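Undergrad: You'll find final_3.cif just under this line, and it carries mmCIF, C-alpha atoms.
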```cif
data_start
#
loop_
_atom_site.label_atom_id
_atom_site.label_comp_id
_atom_site.auth_asym_id
_atom_site.auth_seq_id
_atom_site.Cartn_x
_atom_site.Cartn_y
_atom_site.Cartn_z
CA MET A 862 10.09 -45.34 -24.04
CA ALA A 863 10.58 -41.59 -23.97
CA THR A 864 7.38 -41.09 -25.94
CA ASN A 865 5.32 -42.86 -23.33
CA PRO A 866 3.52 -40.04 -21.51
CA MET A 867 3.17 -42.14 -18.39
CA HIS A 868 6.91 -42.68 -18.12
CA GLN A 869 7.33 -39.47 -16.18
CA PHE A 870 5.30 -40.90 -13.30
CA ASN A 871 7.62 -43.87 -12.75
CA VAL A 872 9.00 -44.13 -9.25
CA TYR A 873 12.48 -45.55 -8.97
CA ARG A 874 14.90 -46.14 -6.19
CA ILE A 875 17.69 -43.64 -5.59
CA GLY A 876 20.60 -45.09 -3.69
CA PRO A 877 20.51 -48.34 -1.77
CA GLU A 878 17.51 -50.36 -0.79
CA ILE A 879 16.40 -49.48 2.72
CA LYS A 880 14.34 -52.07 4.52
CA LEU A 881 12.53 -51.68 7.80
CA GLY A 882 11.95 -55.28 8.70
CA GLN A 883 10.02 -56.62 5.76
CA ILE A 884 8.93 -53.20 4.56
CA ASP A 885 10.74 -51.42 1.73
CA ILE A 886 11.16 -47.74 2.55
CA SER A 887 13.89 -46.98 0.02
CA PHE A 888 14.63 -43.40 -0.92
CA THR A 889 13.05 -42.76 -4.32
CA ASN A 890 12.73 -39.88 -6.71
CA ALA A 891 9.35 -39.15 -5.09
CA SER A 892 11.02 -38.92 -1.71
CA LEU A 893 13.69 -36.70 -3.23
CA PHE A 894 11.13 -34.20 -4.46
CA MET A 895 9.25 -34.28 -1.18
CA VAL A 896 12.50 -33.43 0.58
CA ILE A 897 13.38 -30.74 -1.97
CA SER A 898 9.94 -29.15 -1.65
CA SER A 899 10.05 -29.19 2.14
CA ILE A 900 13.55 -27.76 2.27
CA THR A 901 12.62 -25.04 -0.23
CA ILE A 902 9.56 -24.08 1.80
CA LEU A 903 11.61 -23.95 4.98
CA LEU A 904 14.35 -21.91 3.30
CA VAL A 905 11.96 -19.43 1.73
CA PHE A 906 9.99 -18.87 4.91
CA ASN A 907 13.04 -18.86 7.11
CA LEU A 908 14.55 -16.15 4.92
CA GLY A 909 11.24 -14.35 4.92
CA SER A 910 10.99 -14.27 8.70
CA LYS A 911 14.60 -13.65 9.62
CA LYS A 912 14.72 -9.90 9.54
CA ASN A 913 11.84 -7.77 10.61
CA SER A 914 12.06 -4.46 8.86
CA LEU A 915 9.23 -2.00 8.80
CA ILE A 916 9.32 -2.00 5.02
CA PRO A 917 9.67 -5.68 4.13
CA ASN A 918 12.16 -6.93 1.57
CA LYS A 919 11.08 -9.29 -1.21
CA MET A 920 11.39 -12.52 0.75
CA GLN A 921 9.70 -11.06 3.79
CA LEU A 922 6.89 -9.73 1.64
CA LEU A 923 6.44 -13.16 0.07
CA ALA A 924 6.30 -14.87 3.45
CA GLU A 925 3.99 -12.32 4.96
CA LEU A 926 1.69 -12.23 1.96
CA SER A 927 1.32 -16.02 2.05
CA TYR A 928 0.74 -15.88 5.78
CA THR A 929 -2.01 -13.29 5.53
CA PHE A 930 -3.46 -14.99 2.44
CA ILE A 931 -3.91 -18.30 4.24
CA SER A 932 -4.97 -16.80 7.54
CA LYS A 933 -7.63 -14.80 5.69
CA MET A 934 -8.76 -17.90 3.82
CA ILE A 935 -9.11 -19.82 7.10
CA SER A 936 -10.95 -17.05 8.93
CA ASP A 937 -13.28 -16.57 5.95
CA THR A 938 -14.24 -20.22 5.62
CA ALA A 939 -13.87 -21.69 9.10
CA GLY A 940 -14.07 -18.69 11.41
CA SER A 941 -11.88 -17.72 14.30
CA LYS A 942 -12.18 -21.13 15.97
CA ALA A 943 -9.91 -22.61 13.30
CA LYS A 944 -6.95 -20.49 14.34
CA PRO A 945 -5.12 -23.31 16.18
CA TYR A 946 -5.08 -25.32 12.94
CA PHE A 947 -3.55 -22.50 10.96
CA SER A 948 -0.06 -23.96 10.82
CA PHE A 949 -1.36 -27.34 9.65
CA ILE A 950 -3.36 -25.81 6.81
CA PHE A 951 -0.46 -23.52 5.98
CA SER A 952 1.88 -26.54 5.80
CA ILE A 953 -0.60 -28.51 3.68
CA PHE A 954 -1.08 -25.64 1.26
CA MET A 955 2.61 -24.91 0.94
CA PHE A 956 3.57 -28.57 0.60
CA VAL A 957 1.03 -29.22 -2.14
CA LEU A 958 1.82 -25.93 -3.87
CA PHE A 959 5.57 -26.50 -3.89
CA CYS A 960 5.24 -30.14 -4.96
CA ASN A 961 2.96 -29.06 -7.82
CA MET A 962 5.31 -26.26 -8.82
CA PHE A 963 8.42 -28.42 -8.70
CA GLY A 964 6.54 -30.83 -10.94
CA MET A 965 6.40 -28.09 -13.57
CA ILE A 966 10.19 -28.17 -13.98
CA PRO A 967 11.10 -30.38 -16.95
CA TYR A 968 12.51 -33.82 -16.06
CA SER A 969 11.38 -33.38 -12.48
CA PHE A 970 8.92 -35.56 -10.64
CA THR A 971 5.47 -34.50 -9.51
CA VAL A 972 4.89 -35.89 -6.03
CA THR A 973 1.22 -34.97 -6.04
CA SER A 974 0.54 -36.87 -9.26
CA HIS A 975 0.56 -40.08 -7.25
CA ILE A 976 -2.73 -41.19 -5.79
CA ILE A 977 -1.09 -42.73 -2.77
CA VAL A 978 0.50 -39.41 -1.74
CA THR A 979 -2.65 -37.35 -2.16
CA PHE A 980 -4.70 -40.05 -0.51
CA VAL A 981 -2.45 -40.12 2.52
CA LEU A 982 -2.62 -36.32 2.77
CA ALA A 983 -6.40 -36.37 2.42
CA SER A 984 -6.61 -39.15 5.00
CA PHE A 985 -4.56 -37.08 7.47
CA ILE A 986 -7.11 -34.33 7.00
CA PHE A 987 -10.13 -36.62 7.10
CA ILE A 988 -9.04 -38.48 10.23
CA GLY A 989 -7.88 -35.26 11.91
CA VAL A 990 -11.13 -33.44 11.16
CA THR A 991 -13.21 -36.37 12.37
CA ILE A 992 -11.25 -36.59 15.61
CA ILE A 993 -11.58 -32.82 16.14
CA GLY A 994 -15.30 -33.05 15.49
CA PHE A 995 -15.78 -35.82 18.04
CA ILE A 996 -13.62 -34.04 20.61
CA LYS A 997 -15.51 -30.77 20.21
CA HIS A 998 -19.05 -32.14 20.06
CA GLY A 999 -18.82 -35.69 21.41
CA LEU A 1000 -21.42 -37.95 19.89
CA GLY A 1001 -23.28 -34.80 18.89
CA TYR A 1002 -20.96 -34.67 15.92
CA LEU A 1003 -23.12 -37.41 14.39
CA LYS A 1004 -25.79 -34.71 13.95
CA LEU A 1005 -23.74 -33.74 10.93
CA PHE A 1006 -25.46 -36.61 9.12
CA VAL A 1007 -28.94 -35.49 10.14
CA PRO A 1008 -29.69 -32.22 8.44
CA SER A 1009 -32.43 -30.19 10.08
CA GLY A 1010 -35.66 -29.44 8.25
CA VAL A 1011 -35.80 -32.74 6.38
CA PRO A 1012 -39.10 -34.64 6.42
CA LEU A 1013 -38.97 -37.81 8.51
CA VAL A 1014 -39.85 -40.00 5.54
CA LEU A 1015 -36.77 -38.94 3.70
CA MET A 1016 -34.54 -39.13 6.78
CA PRO A 1017 -33.11 -42.65 6.29
CA LEU A 1018 -32.20 -41.88 2.71
CA ILE A 1019 -30.67 -38.50 3.57
CA VAL A 1020 -28.63 -39.94 6.42
CA VAL A 1021 -27.23 -42.64 4.16
CA ILE A 1022 -26.37 -40.08 1.50
CA GLU A 1023 -24.75 -37.81 4.06
CA ILE A 1024 -22.66 -40.65 5.47
CA ILE A 1025 -21.55 -41.68 2.00
CA SER A 1026 -20.68 -38.11 1.08
CA TYR A 1027 -18.75 -37.71 4.32
CA LEU A 1028 -16.82 -40.91 3.81
CA SER A 1029 -16.06 -40.05 0.21
CA ARG A 1030 -14.40 -36.80 1.23
CA PRO A 1031 -10.85 -38.17 1.38
CA ILE A 1032 -11.34 -39.94 -1.92
CA SER A 1033 -12.71 -36.88 -3.72
CA LEU A 1034 -10.06 -34.68 -2.16
CA SER A 1035 -7.21 -36.98 -3.15
CA VAL A 1036 -8.50 -37.95 -6.58
CA ARG A 1037 -9.15 -34.31 -7.51
CA LEU A 1038 -5.54 -33.32 -6.90
CA PHE A 1039 -4.00 -36.50 -8.28
CA ALA A 1040 -6.14 -36.54 -11.44
CA ASN A 1041 -5.53 -32.88 -12.16
CA MET A 1042 -1.80 -33.20 -11.83
CA MET A 1043 -1.58 -36.45 -13.76
CA ALA A 1044 -3.85 -35.32 -16.57
CA GLY A 1045 -2.03 -32.03 -16.98
CA HIS A 1046 1.39 -33.61 -17.08
CA THR A 1047 0.28 -36.37 -19.41
CA MET A 1048 -1.22 -33.86 -21.78
CA MET A 1049 1.95 -31.79 -21.78
CA LYS A 1050 4.00 -34.87 -22.46
CA VAL A 1051 1.68 -35.89 -25.33
CA PHE A 1052 1.96 -32.49 -26.93
CA GLY A 1053 5.71 -32.53 -26.37
CA GLY A 1054 5.77 -35.87 -28.19
CA PHE A 1055 3.84 -34.32 -31.08
CA VAL A 1056 6.46 -31.60 -31.40
CA ILE A 1057 9.14 -34.25 -31.86
CA SER A 1058 7.18 -36.53 -34.15
CA LEU A 1059 5.93 -33.73 -36.42
CA GLY A 1060 9.39 -32.24 -36.71
CA ILE A 1061 10.38 -28.81 -37.90
CA VAL A 1062 7.48 -28.54 -40.37
CA GLY A 1063 4.43 -29.38 -38.28
CA GLY A 1064 5.82 -29.14 -34.80
CA TRP A 1065 4.99 -25.51 -34.30
CA LEU A 1066 1.30 -26.00 -33.61
CA PRO A 1067 1.74 -28.52 -30.78
CA LEU A 1068 4.67 -26.45 -29.52
CA SER A 1069 2.46 -23.40 -29.15
CA PHE A 1070 -0.12 -25.64 -27.48
CA SER A 1071 2.59 -26.87 -25.17
CA VAL A 1072 3.56 -23.34 -24.23
CA ALA A 1073 -0.05 -22.43 -23.52
CA LEU A 1074 -0.49 -25.63 -21.53
CA THR A 1075 2.53 -24.82 -19.41
CA GLY A 1076 0.90 -21.57 -18.37
CA LEU A 1077 -2.36 -23.36 -17.72
CA GLU A 1078 -0.60 -26.04 -15.70
CA ILE A 1079 1.12 -23.47 -13.50
CA LEU A 1080 -2.30 -21.97 -12.86
CA VAL A 1081 -3.71 -25.42 -12.13
CA ALA A 1082 -0.80 -26.16 -9.80
CA PHE A 1083 -1.66 -23.12 -7.73
CA LEU A 1084 -5.39 -23.60 -8.01
CA GLN A 1085 -5.31 -27.23 -6.89
CA ALA A 1086 -3.19 -26.38 -3.88
CA TYR A 1087 -5.69 -23.64 -3.07
CA VAL A 1088 -8.66 -25.95 -3.55
CA PHE A 1089 -7.01 -28.60 -1.40
CA ALA A 1090 -6.43 -26.09 1.39
CA ILE A 1091 -9.84 -24.47 1.16
CA LEU A 1092 -11.61 -27.83 1.21
CA THR A 1093 -9.61 -28.67 4.31
CA CYS A 1094 -10.90 -25.43 5.80
CA ILE A 1095 -14.48 -26.29 4.86
CA TYR A 1096 -14.22 -29.74 6.42
CA LEU A 1097 -12.69 -28.17 9.49
CA ASN A 1098 -15.53 -25.68 9.57
CA ASP A 1099 -18.03 -28.58 9.61
CA ALA A 1100 -16.18 -30.09 12.54
CA LEU A 1101 -15.81 -26.85 14.51
CA ASN A 1102 -19.09 -25.10 13.87
CA LEU A 1103 -21.78 -27.76 13.78
CA HIS A 1104 -24.72 -25.94 12.28
CA HIS A 1105 -26.48 -28.43 10.14
CA MET B 1390 -4.23 -25.75 -46.94
CA ILE B 1391 -1.46 -25.51 -44.37
CA LYS B 1392 -4.00 -26.16 -41.65
CA LYS B 1393 -5.13 -29.31 -43.40
CA ILE B 1394 -1.58 -30.54 -43.56
CA PHE B 1395 -1.16 -29.73 -39.88
CA PHE B 1396 -4.18 -31.71 -38.85
CA TYR B 1397 -3.20 -34.59 -41.08
CA LEU B 1398 0.19 -34.68 -39.43
CA VAL B 1399 -1.36 -34.49 -35.99
CA PHE B 1400 -3.58 -37.42 -36.88
CA LEU B 1401 -0.60 -39.40 -38.16
CA SER B 1402 1.36 -38.78 -35.03
CA PHE B 1403 -1.63 -39.97 -33.01
CA LEU B 1404 -1.38 -43.30 -34.80
CA THR B 1405 2.32 -43.61 -34.07
CA LEU B 1406 1.70 -42.59 -30.48
CA LYS B 1407 -0.85 -45.35 -30.10
CA GLU B 1408 1.78 -47.79 -31.23
CA ALA B 1409 4.16 -46.36 -28.67
CA PHE B 1410 1.52 -46.78 -25.99
CA ALA B 1411 0.96 -50.34 -27.02
CA SER B 1412 4.63 -51.22 -27.13
CA GLY B 1413 5.55 -49.57 -23.79
CA ASN B 1414 4.47 -51.01 -20.46
CA SER B 1415 0.95 -49.76 -20.39
CA GLY B 1416 -0.89 -48.76 -17.25
CA MET B 1417 -0.31 -46.13 -14.67
CA PRO B 1418 2.79 -46.27 -12.50
CA GLN B 1419 0.61 -44.70 -9.82
CA LEU B 1420 -1.26 -47.96 -9.38
CA ASN B 1421 1.90 -50.02 -8.98
CA PRO B 1422 2.08 -50.61 -5.22
CA GLU B 1423 5.81 -51.37 -5.24
CA PHE B 1424 6.81 -48.02 -3.66
CA TRP B 1425 3.57 -47.13 -1.90
CA ILE B 1426 4.88 -47.85 1.57
CA SER B 1427 8.07 -45.95 0.83
CA GLN B 1428 6.08 -42.98 -0.42
CA ILE B 1429 3.82 -43.02 2.63
CA PHE B 1430 6.84 -43.25 4.91
CA TRP B 1431 8.71 -40.39 3.25
CA LEU B 1432 5.62 -38.25 2.94
CA THR B 1433 4.88 -38.65 6.65
CA LEU B 1434 8.48 -37.95 7.53
CA THR B 1435 9.01 -34.89 5.35
CA PHE B 1436 5.57 -33.43 5.94
CA GLY B 1437 5.85 -34.06 9.67
CA ILE B 1438 9.21 -32.32 9.86
CA LEU B 1439 7.92 -29.50 7.67
CA TYR B 1440 4.85 -29.07 9.84
CA ILE B 1441 6.79 -29.10 13.09
CA LEU B 1442 9.41 -26.65 11.88
CA LEU B 1443 6.85 -24.33 10.34
CA SER B 1444 4.51 -24.32 13.31
CA LYS B 1445 7.18 -24.15 16.01
CA LEU B 1446 9.81 -21.93 14.45
CA ILE B 1447 8.83 -20.03 11.38
CA LEU B 1448 5.14 -19.17 11.56
CA PRO B 1449 5.30 -17.69 15.08
CA LYS B 1450 8.13 -15.48 13.89
CA ILE B 1451 6.14 -14.28 10.90
CA SER B 1452 3.06 -13.60 12.99
CA LYS B 1453 5.19 -11.77 15.55
CA ASN B 1454 6.76 -9.72 12.76
CA LEU B 1455 3.33 -8.86 11.42
CA GLU B 1456 2.07 -7.87 14.85
CA ILE B 1457 5.14 -5.78 15.55
CA ARG B 1458 4.72 -4.07 12.21
CA LYS B 1459 1.04 -3.46 12.89
CA SER B 1460 1.67 -1.97 16.31
CA GLN B 1461 4.59 0.03 14.99
CA ILE B 1462 2.50 1.45 12.18
CA LEU B 1463 -0.29 2.26 14.62
CA GLU B 1464 2.19 3.94 16.92
CA ASN B 1465 3.65 5.90 14.06
CA ILE B 1466 0.22 6.97 12.90
CA GLU B 1467 -0.60 8.05 16.43
CA ALA B 1468 2.64 9.97 16.71
CA ALA B 1469 2.02 11.57 13.35
CA GLU B 1470 -1.48 12.54 14.41
CA LYS B 1471 -0.14 14.04 17.61
CA GLN B 1472 2.48 16.00 15.75
CA ARG B 1473 -0.06 17.18 13.25
CA GLU B 1474 -2.27 18.44 16.05
CA GLU B 1475 0.69 20.13 17.66
CA SER B 1476 1.68 21.78 14.45
CA GLU B 1477 -1.87 22.95 13.90
CA GLN B 1478 -1.90 24.41 17.39
CA LYS B 1479 1.38 26.12 16.64
CA ILE B 1480 0.05 27.49 13.39
CA LYS B 1481 -2.92 28.88 15.28
CA GLU B 1482 -0.63 30.43 17.87
CA TYR B 1483 1.53 31.86 15.16
CA ASP B 1484 -1.47 33.35 13.40
CA LYS B 1485 -2.66 34.80 16.67
CA ILE B 1486 0.72 36.36 17.38
CA ILE B 1487 0.92 37.79 13.91
CA ASN B 1488 -2.60 39.23 14.16
CA ASN B 1489 -1.87 40.71 17.55
CA ASN B 1490 1.30 42.23 16.28
CA LYS B 1491 -0.46 43.61 13.28
CA ILE B 1492 -3.06 45.26 15.49
CA GLU B 1493 -0.36 46.57 17.78
CA ALA B 1494 1.57 47.96 14.87
CA LYS B 1495 -1.54 49.64 13.57
CA ASN B 1496 -2.20 51.12 16.97
CA TYR B 1497 1.34 52.40 17.22
CA PHE B 1498 1.07 53.84 13.77
CA ASN B 1499 -2.21 55.53 14.52
CA GLN B 1500 -0.98 56.87 17.85
CA ASN B 1501 2.17 58.22 16.33
CA ARG B 1502 0.27 59.74 13.47
CA ALA B 1503 -2.06 61.48 15.87
CA LYS B 1504 0.88 62.67 17.92
CA ILE B 1505 2.73 63.95 14.90
CA LEU B 1506 -0.38 65.61 13.54
CA LYS B 1507 -0.86 67.26 16.91
CA ASP B 1508 2.73 68.39 16.94
CA ILE B 1509 2.49 69.71 13.45
CA ASN B 1510 -0.69 71.57 14.26
CA LYS B 1511 0.88 73.04 17.36
CA LYS B 1512 3.91 74.17 15.44
CA LYS B 1513 1.74 75.54 12.70
CA GLU B 1514 -0.25 77.51 15.20
CA ASN B 1515 2.89 78.79 16.83
CA LEU B 1516 4.28 79.78 13.51
CA GLU B 1517 1.06 81.44 12.50
CA ASN B 1518 0.98 83.28 15.79
CA GLN B 1519 4.54 84.43 15.31
CA ILE B 1520 3.87 85.42 11.75
CA ASN B 1521 0.75 87.29 12.80
CA ALA B 1522 2.65 89.05 15.53
CA GLU B 1523 5.35 90.04 13.14
CA ILE B 1524 2.84 91.17 10.56
CA ASN B 1525 1.18 93.24 13.23
CA LYS B 1526 4.51 94.72 14.18
CA ALA B 1527 5.30 95.50 10.60
CA GLU B 1528 1.89 97.01 10.10
CA ILE B 1529 2.39 99.17 13.18
CA GLU B 1530 5.75 100.23 11.88
CA ILE B 1531 4.30 100.97 8.50
CA GLN B 1532 1.55 102.93 10.18
CA ASP B 1533 4.22 104.74 12.14
CA PHE B 1534 6.07 105.56 8.99
CA LYS B 1535 2.88 106.68 7.41
CA ASN B 1536 2.12 108.87 10.38
CA LYS B 1537 5.57 110.28 10.42
CA ALA B 1538 5.73 110.85 6.67
CA PRO B 1539 3.86 114.23 6.51
CA GLU B 1540 6.14 115.74 9.11
CA LYS B 1541 9.17 114.60 7.19
CA ILE B 1542 7.62 115.90 4.01
CA TYR B 1543 7.14 119.17 5.79
CA LYS B 1544 10.71 119.30 6.81
CA ILE B 1545 11.88 118.33 3.35
CA ALA B 1546 9.53 120.82 1.80
CA ILE B 1547 10.73 123.56 4.13
CA GLU B 1548 14.34 122.76 3.52
CA THR B 1549 13.96 122.52 -0.24
CA SER B 1550 11.89 125.69 -0.38
CA ALA B 1551 14.49 127.43 1.77
CA ASP B 1552 17.23 126.20 -0.51
CA LEU B 1553 15.29 127.15 -3.59
CA ILE B 1554 14.60 130.66 -2.25
CA ASN B 1555 18.19 131.00 -1.29
CA GLN B 1556 19.40 130.06 -4.68
CA LEU B 1557 16.77 131.99 -6.56
CA ILE B 1558 16.81 135.16 -4.58
CA GLY B 1559 19.87 134.83 -2.41
CA ILE B 1560 18.06 135.70 0.74
CA LYS B 1561 18.02 133.59 3.79
CA ILE B 1562 14.60 133.28 5.15
CA ASN B 1563 13.59 132.17 8.54
CA ASN B 1564 12.58 128.61 8.66
CA SER B 1565 9.56 129.30 10.77
CA SER B 1566 8.01 131.63 8.23
CA ILE B 1567 8.62 129.12 5.47
CA SER B 1568 7.06 126.43 7.50
CA ALA B 1569 4.01 128.55 8.01
CA ILE B 1570 3.68 129.10 4.32
CA VAL B 1571 4.23 125.39 3.56
CA GLU B 1572 1.62 124.51 6.08
CA ASP B 1573 -0.72 126.90 4.52
CA VAL B 1574 -0.12 125.51 1.04
CA SER B 1575 -0.31 121.95 2.09
CA LYS B 1576 -3.50 122.61 3.97
CA LYS B 1577 -4.94 124.16 0.86
CA LYS B 1578 -3.74 121.18 -1.11
CA TYR B 1579 -5.30 118.77 1.30
CA LYS B 1580 -8.42 120.72 1.13
CA LEU B 1581 -8.37 120.50 -2.59
CA LEU B 1582 -7.65 116.87 -2.43
#
```
Show this structure as structure tokens.
TA:
Amino acid sequence: MATNPMHQFNVYRIGPEIKLGQIDISFTNASLFMVISSITILLVFNLGSKKNSLIPNKMQLLAELSYTFISKMISDTAGSKAKPYFSFIFSIFMFVLFCNMFGMIPYSFTVTSHIIVTFVLASFIFIGVTIIGFIKHGLGYLKLFVPSGVPLVLMPLIVVIEIISYLSRPISLSVRLFANMMAGHTMMKVFGGFVISLGIVGGWLPLSFSVALTGLEILVAFLQAYVFAILTCIYLNDALNLHH
Amino acid sequence: MIKKIFFYLVFLSFLTLKEAFASGNSGMPQLNPEFWISQIFWLTLTFGILYILLSKLILPKISKNLEIRKSQILENIEAAEKQREESEQKIKEYDKIINNNKIEAKNYFNQNRAKILKDINKKKENLENQINAEINKAEIEIQDFKNKAPEKIYKIAIETSADLINQLIGIKINNSSISAIVEDVSKKKYKLL
């Protein structure tokens, strides 16, 4: 069972079964890591914002660097109009980043390697962005599907393609994160299994692979969180600045 | 050779892994909907709390800190600029004072030099005048002596001739006659000279 690389993605109940009517909302290992990630984020940023010294200490520097990093990312991709959504994008980025990073700890659980979690996050974003778009532009937001400068003959086709691409946003957003995390962790587990099965003689090659993969996976963990956040910004930009 | 063995072993382990895959419950746990609702519920709960706490408590604090730091740094830079300007002004003033003082000192020096030179010249003149006067006096005296010398010589000559005559012949002769003779002789001598 331990050699099954998919075993690490199993969700199991921790503690008693909690039922809300007919619905099972038991606390699981996934929930545990969501809570751990959230608490860690809150602790880190609470520590980082507690004292305000002119020359920041390490925690403060970390918090302020992340703050300026994300605020710069938002203003670069979505402009100044996106400022009210800063804290949402900040929370999304930090949540995904910390969940990915906690997944890198051996024997831990990667929350973002589950399609349902990433899909729900992407749906939040998709629904939110769509609502913002309709509030800002009314029905004019539908112009998003009618790019300017397209010949009339092609218009029906283009509109259909645009609608499909718009509707597939939450799927692409969620599958990208989920597939990256799952593939990376599966690969690490497979190579870890090789180390054991090849033993002391042949295990060194997959071990070195495993070490390299760990570095790569940490990079991917950061990169996917960044991509998730920047795509959110781009979608938000479409909703705020309609310039198709 | 070692590489070959490595790859062979890797291949072997692949075979055993396939068996493991086949024997374990295949499929992805992600697609098992047993805990989907629970995950959605906990995700919404934790992310909601995280979002609320971050946006209401922590992020405003960080942005305030950043703004305070920015304004503080700007203020400090301004203050530094001001102080720099002040110090430059002071350096200019200092230079000015030093230059002025230098010029003043030079002036004093020159004035005093001129004064002292004047004094020295005056004193020199005075001294020269005095010296000249004294030289004149001395010259007059010398001239006096010179003028008086023939008379004295006369007297001496008369006296000595009188003495000589007295000792040679033992006769006392009137001074006036001797003097006449001496005059005569000396006149002849002068004439000869």
Undergrad: For chain A, list the residues within 7 Å of chain B, counting only C-alpha atoms, and write the list as a PyMOL selection string.
TA: chain A and resi 862+864-865+867+870-871+885-887+891-892+895-896+899+906-907+910+913+915+925+948-949+952+975-978+981+1055+1058-1059+1063
Undergrad: Residues within 12 Å of A:Ser1029, please, as JSON, numbers by chain. Count only C-alpha atoms; anything in the same chain fewer than 6 positions from it doesn't count.
TA: {"A": [980, 983, 984, 987, 1022, 1023, 1035, 1036, 1037]}
Undergrad: Grab the atom CA of A:Leu1003 to atom CA of A:Ala1086 distance for me, in Å with one decimal place.
TA: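 We find that atom CA of A:Leu1003 and atom CA of A:Ala1086 lie 29.2 Å from each other.
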Undergrad: What does the structure give for the distance between atom CA of A:Leu1103 and atom CA of A:Pro1008, in Å to one decimal?
TA: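 Distance reported for this atom pair: 10.5 Å.
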Undergrad: Between A:Phe1089, A:Phe970, A:Phe963, A:Phe894, which residue has the minimum interatomic distance to A:Leu982, considering all atoms listed in the file?
TA: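 Residue with the minimum atom-to-atom distance to A:Leu982: A:Phe1089.
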Undergrad: Please, what distance in Å, to one decimal, runs between atom CA of A:Asn961 and atom CA of A:Thr901?
TA: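 Answer for the atom CA of A:Asn961 to atom CA of A:Thr901 separation: 12.9 Å.
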Undergrad: Name the residues in contact with A:Asn1098 at a cut-off of 12 Å, using only C-alpha atoms, excluding same-chain residues fewer than 3 positions from it; report them as a PDB file with C-alpha atoms, in the frame of the given file.
TA:
```pdb
ATOM      1  CA  MET A 934      -8.760 -17.900   3.820  1.00  0.00           C
ATOM      2  CA  ILE A 935      -9.110 -19.820   7.100  1.00  0.00           C
ATOM      3  CA  SER A 936     -10.950 -17.050   8.930  1.00  0.00           C
ATOM      4  CA  ASP A 937     -13.280 -16.570   5.950  1.00  0.00           C
ATOM      5  CA  THR A 938     -14.240 -20.220   5.620  1.00  0.00           C
ATOM      6  CA  ALA A 939     -13.870 -21.690   9.100  1.00  0.00           C
ATOM      7  CA  GLY A 940     -14.070 -18.690  11.410  1.00  0.00           C
ATOM      8  CA  SER A 941     -11.880 -17.720  14.300  1.00  0.00           C
ATOM      9  CA  LYS A 942     -12.180 -21.130  15.970  1.00  0.00           C
ATOM     10  CA  ALA A 943      -9.910 -22.610  13.300  1.00  0.00           C
ATOM     11  CA  LYS A 944      -6.950 -20.490  14.340  1.00  0.00           C
ATOM     12  CA  TYR A 946      -5.080 -25.320  12.940  1.00  0.00           C
ATOM     13  CA  VAL A 990     -11.130 -33.440  11.160  1.00  0.00           C
ATOM     14  CA  THR A 991     -13.210 -36.370  12.370  1.00  0.00           C
ATOM     15  CA  ILE A 993     -11.580 -32.820  16.140  1.00  0.00           C
ATOM     16  CA  GLY A 994     -15.300 -33.050  15.490  1.00  0.00           C
ATOM     17  CA  LYS A 997     -15.510 -30.770  20.210  1.00  0.00           C
ATOM     18  CA  LEU A1005     -23.740 -33.740  10.930  1.00  0.00           C
ATOM     19  CA  ILE A1091      -9.840 -24.470   1.160  1.00  0.00           C
ATOM     20  CA  LEU A1092     -11.610 -27.830   1.210  1.00  0.00           C
ATOM     21  CA  THR A1093      -9.610 -28.670   4.310  1.00  0.00           C
ATOM     22  CA  CYS A1094     -10.900 -25.430   5.800  1.00  0.00           C
ATOM     23  CA  ILE A1095     -14.480 -26.290   4.860  1.00  0.00           C
ATOM     24  CA  LEU A1101     -15.810 -26.850  14.510  1.00  0.00           C
ATOM     25  CA  ASN A1102     -19.090 -25.100  13.870  1.00  0.00           C
ATOM     26  CA  LEU A1103     -21.780 -27.760  13.780  1.00  0.00           C
ATOM     27  CA  HIS A1104     -24.720 -25.940  12.280  1.00  0.00           C
ATOM     28  CA  HIS A1105     -26.480 -28.430  10.140  1.00  0.00           C
TER      29      HIS A1105
END
```
Undergrad: Around the point (2.4, -37.2, -19.6) (coordinates from the file), which residues reach within 9 Å if we count all atoms listed in the file? Answer as an NGL selection string.
TA: :A and (864-870 or 1043-1053)
Undergrad: If you count only C-alpha atoms, which residues fall within 12 Å of stretch 1548-1558 of chain B, apart from same-chain ones fewer than 5 positions away, as a list in words?
TA: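 Here the qualifying residues turn out to be Lys1541, Ile1542, Tyr1543, Asn1563, Asn1564, Ser1565, Ser1566, Ile1567, Ser1568, Ala1569, Ile1570 and Val1571 of chain B.
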Undergrad: With distances taken over all atoms listed in the file, which of A:Val1021, A:Leu958, A:Met1016, A:Val972 is nearest to A:Leu1080?
TA: A:Leu958
Undergrad: Start from the incomplete input, build N, CA and C atoms for stretch 1545-1549 of chain B, and deliver everything as an mmCIF file, in the frame of the given file.
TA:
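Listed below is the output, part29.cif:
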```
data_model
loop_
_atom_site.group_PDB
_atom_site.id
_atom_site.type_symbol
_atom_site.label_atom_id
_atom_site.label_comp_id
_atom_site.auth_asym_id
_atom_site.auth_seq_id
_atom_site.Cartn_x
_atom_site.Cartn_y
_atom_site.Cartn_z
ATOM 1 N N ILE B 1545 11.203 118.338 4.634
ATOM 2 C CA ILE B 1545 11.880 118.330 3.350
ATOM 3 C C ILE B 1545 11.404 119.535 2.530
ATOM 4 N N ALA B 1546 10.081 119.717 2.574
ATOM 5 C CA ALA B 1546 9.530 120.820 1.800
ATOM 6 C C ALA B 1546 10.113 122.147 2.272
ATOM 7 N N ILE B 1547 10.176 122.323 3.566
ATOM 8 C CA ILE B 1547 10.730 123.560 4.130
ATOM 9 C C ILE B 1547 12.173 123.716 3.686
ATOM 10 N N GLU B 1548 12.900 122.650 3.844
ATOM 11 C CA GLU B 1548 14.340 122.760 3.520
ATOM 12 C C GLU B 1548 14.509 123.075 2.045
ATOM 13 N N THR B 1549 13.786 122.297 1.192
ATOM 14 C CA THR B 1549 13.960 122.520 -0.240
ATOM 15 C C THR B 1549 13.505 123.916 -0.627
#
```
